[in-house]
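Let me begin by presenting the structure, written as structure tokens, before commenting on it.
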Amino acid sequence: MKKLLVLLLLFSIMPPFLFACGGETYPEGQTGSENVSENEKSNSASDLPAINEVSEEIKSKSFKAVVLGDSIARGYGLESPETMRFSSLMAEALGEVYESVDISNYGVDGRTGVELLEFLKNDPPEEIKDCDCVIISIGGNNILQMLDATETAFKALMELDPKAVADYFKYSVATEGEGKDKFTYACDAISSVFGAVNAVFESDTFNSLITDAGKRLEEEIPQIIGEIRKLNPNAKIYFQTVYNPYKGMNVALKSVTEQLKLDDYGERSVASLNAPIEALADELGYEIVPVWTEFEESGKDLVNAGISLLPFNISVDPHPNWQGHELIAKIYYDIITEAK
């Protein structure tokens, strides 16, 4: 997960995507728990601030939360998920606000909305019954049906010949002879790969999958919230939006007829998921956590996806890196402490 790429000449690496990429999971119903008591608080390496003034009444209280969701919630790919994922960073920061903090994490790699719903119906966490808030990170894996198409597109991208890329820049100023011929060949090779990727993401099949993923999530959210309310009518519920992991990954090269438009395709997919999350918030009484907006506005490298043309290297891993988890933790910290 730490393959951060330096994007030269064209664009810089930006945020994570919609679906989870395999990995080790917790068994259904097993939890990782972040606990911080007054005697266990430690110095954090994160930038999460403590609020300036906290009443003694708040300092004497405990804070309990339950995290439900997918690989982002679990901390997929981090060197130490139990200590580096956003819920752990939250727990540490909130330990400066409350006497004790207990955050139970039920994130599972690859979990979809319907799978989370079944989990809540059949084996709900006991911690929900007396927690202060429930945090939900779900939706991206509703596009799991896209995986075949997406893998086809990314396989084509991975087959881009590094020598063609190198020749493109080496002979870009050539006007005649062998240099010009190699530049023309490089342009055609790059354009062919970009075109193959675009063809997948612009197909009717892919567009239909995006639409269906949003519709399914729209049906699942009320049921998910309903199951949580059965267990705890008073808990605050936070539902985070889905970020675009391929932000900034549009590539336009002089003399290359096709453009690579991963940013555009990622944004279109994200929009189909965020629409129901945002539309249902008032009706169902949960608070939107603006992860998508914060990732868009951040100038940091928050995910593992990126492209470097010189030297040629590609990562399409959509998961947040440690800085991404740190930002998500800060968003929650600000929302939770502001409500005090």
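Going through the structure tokens in order, the chains are called A, B, and so on, while each chain numbers its residues from 1 and the ligands are numbered from 1 in the order shown.
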Just want the 8 Å neighbourhood of Ser71 of chain A, counted on only C-alpha atoms, with same-chain residues fewer than 4 positions away dropped. Output as an MDAnalysis selection string. chainID A and resid 20 75:76 107:111
If we count only C-alpha atoms and set the cut-off at 9 Å, which residues sit around Thr150 of chain A, ignoring sequence neighbours fewer than 5 positions away in its own chain? Please answer as an MDAnalysis selection string. chainID A and resid 155 197 200:201 206
Contacts of Thr293 of chain A at 10 Å or less, counting only C-alpha atoms, minus same-chain residues fewer than 3 places along, as a PyMOL selection string? chain A and resi 241-244+289-290+296-298
Write the residues of the preceding selection, restricted to C-alpha atoms, as a CSV table (one decimal), in the first residue's frame.
```
chain,number,residue,atom,x,y,z
A,241,THR,CA,-19.3,9.8,1.2
A,242,VAL,CA,-17.1,7.9,-1.3
A,243,TYR,CA,-14.0,9.6,-2.7
A,244,ASN,CA,-12.6,9.5,-6.2
A,289,VAL,CA,-19.4,12.9,6.6
A,290,PRO,CA,-17.9,14.8,3.6
A,296,GLU,CA,-11.0,16.7,-3.4
A,297,GLU,CA,-9.8,19.8,-1.6
A,298,SER,CA,-6.7,18.4,0.0
```
Per-residue DSSP, segment 224-297 of chain A, filtered to alpha helix (DSSP H), as a PyMOL selection string: chain A and resi 224-231+262-279+281-284+291-297
Output C-alpha atoms of each residue in that selection to a file, as an mmCIF file, in the first residue's frame.
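Listing of again18.cif after writing:
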```cif
data_model
loop_
_atom_site.group_PDB
_atom_site.id
_atom_site.type_symbol
_atom_site.label_atom_id
_atom_site.label_comp_id
_atom_site.auth_asym_id
_atom_site.auth_seq_id
_atom_site.Cartn_x
_atom_site.Cartn_y
_atom_site.Cartn_z
ATOM 1 C CA ILE A 224 -29.287 -0.396 7.092
ATOM 2 C CA ILE A 225 -30.317 2.669 9.083
ATOM 3 C CA GLY A 226 -33.512 0.884 10.149
ATOM 4 C CA GLU A 227 -31.585 -2.073 11.587
ATOM 5 C CA ILE A 228 -29.289 0.249 13.524
ATOM 6 C CA ARG A 229 -32.280 2.154 14.910
ATOM 7 C CA LYS A 230 -33.818 -1.096 16.135
ATOM 8 C CA LEU A 231 -30.722 -1.686 18.224
ATOM 9 C CA LEU A 262 -9.462 7.891 -15.291
ATOM 10 C CA ASP A 263 -10.383 10.941 -13.224
ATOM 11 C CA ASP A 264 -13.551 11.471 -15.265
ATOM 12 C CA TYR A 265 -14.610 7.827 -15.012
ATOM 13 C CA GLY A 266 -13.892 7.713 -11.286
ATOM 14 C CA GLU A 267 -15.880 10.877 -10.695
ATOM 15 C CA ARG A 268 -18.859 9.568 -12.627
ATOM 16 C CA SER A 269 -18.849 6.339 -10.634
ATOM 17 C CA VAL A 270 -18.479 8.128 -7.298
ATOM 18 C CA ALA A 271 -21.369 10.453 -8.126
ATOM 19 C CA SER A 272 -23.750 7.511 -8.556
ATOM 20 C CA LEU A 273 -22.954 6.348 -5.010
ATOM 21 C CA ASN A 274 -22.849 9.710 -3.283
ATOM 22 C CA ALA A 275 -26.208 10.788 -4.724
ATOM 23 C CA PRO A 276 -28.309 8.438 -2.539
ATOM 24 C CA ILE A 277 -26.039 8.937 0.486
ATOM 25 C CA GLU A 278 -26.664 12.677 0.332
ATOM 26 C CA ALA A 279 -30.313 12.535 -0.730
ATOM 27 C CA ALA A 281 -29.670 11.982 5.016
ATOM 28 C CA ASP A 282 -32.453 14.334 6.171
ATOM 29 C CA GLU A 283 -35.207 11.771 5.744
ATOM 30 C CA LEU A 284 -33.379 9.040 7.672
ATOM 31 C CA VAL A 291 -14.914 12.511 2.862
ATOM 32 C CA TRP A 292 -15.328 13.081 -0.894
ATOM 33 C CA THR A 293 -15.198 16.872 -0.512
ATOM 34 C CA GLU A 294 -12.230 16.848 1.863
ATOM 35 C CA PHE A 295 -10.238 14.523 -0.386
ATOM 36 C CA GLU A 296 -11.029 16.715 -3.384
ATOM 37 C CA GLU A 297 -9.793 19.840 -1.625
#
```
So that I can see what lies close to Thr257 of chain A, please list as a list in words the residues with an atom at most 9 Å from it, counting only C-alpha atoms and leaving out residues fewer than 5 positions away in the same chain. Cys187, Asp188, Ile190, Ser191, Ser192, Gly195 and Ala252 of chain A
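Rounded to one decimal, atom CA of Ile72 of chain A and atom CA of Ala196 of chain A lie 29.4 Å from each other.
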Residues within 6 Å of Leu260 of chain A, please, as a PDB file with N, CA and C atoms, in the first residue's frame. Count only C-alpha atoms; anything in the same chain fewer than 3 positions from it doesn't count.
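Result file result_36.pdb:
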```
ATOM      1  N   PHE A 194      -4.522   3.863 -24.423  1.00  0.00           N
ATOM      2  CA  PHE A 194      -5.489   4.793 -23.837  1.00  0.00           C
ATOM      3  C   PHE A 194      -6.879   4.563 -24.430  1.00  0.00           C
ATOM      4  N   ASN A 250      -6.128  12.167 -15.266  1.00  0.00           N
ATOM      5  CA  ASN A 250      -6.400  12.386 -16.687  1.00  0.00           C
ATOM      6  C   ASN A 250      -5.075  12.743 -17.352  1.00  0.00           C
ATOM      7  N   VAL A 251      -4.781  12.129 -18.481  1.00  0.00           N
ATOM      8  CA  VAL A 251      -3.507  12.365 -19.155  1.00  0.00           C
ATOM      9  C   VAL A 251      -3.752  12.770 -20.604  1.00  0.00           C
TER      10      VAL A 251
END
```
Would you mind listing what lies within 8 Å of Asp132 of chain A as a short mmCIF file (atom, residue, chain, number, x, y, z; two decimals) with N, CA and C atoms, in the first residue's frame, with only C-alpha atoms counted and same-chain residues fewer than 2 positions away left out?
```cif
data_model
loop_
_atom_site.label_atom_id
_atom_site.label_comp_id
_atom_site.auth_asym_id
_atom_site.auth_seq_id
_atom_site.Cartn_x
_atom_site.Cartn_y
_atom_site.Cartn_z
N PHE A 63 -16.72 7.81 25.72
CA PHE A 63 -17.23 7.91 24.35
C PHE A 63 -17.13 6.53 23.71
N LYS A 64 -18.25 6.05 23.18
CA LYS A 64 -18.29 4.73 22.55
C LYS A 64 -18.83 4.85 21.12
N ALA A 65 -18.13 4.22 20.20
CA ALA A 65 -18.55 4.25 18.80
C ALA A 65 -18.38 2.87 18.18
N ASP A 130 -25.41 0.26 23.15
CA ASP A 130 -25.15 1.33 24.12
C ASP A 130 -24.06 2.29 23.64
N VAL A 134 -22.66 5.53 15.53
CA VAL A 134 -22.32 4.48 14.57
C VAL A 134 -21.77 5.16 13.32
N ASN A 234 -31.21 6.04 19.72
CA ASN A 234 -30.67 7.35 20.06
C ASN A 234 -29.25 7.61 19.57
N ALA A 235 -28.61 6.60 19.05
CA ALA A 235 -27.22 6.78 18.62
C ALA A 235 -27.15 7.74 17.44
N LYS A 236 -26.11 8.56 17.44
CA LYS A 236 -25.83 9.40 16.28
C LYS A 236 -25.27 8.50 15.18
#
```
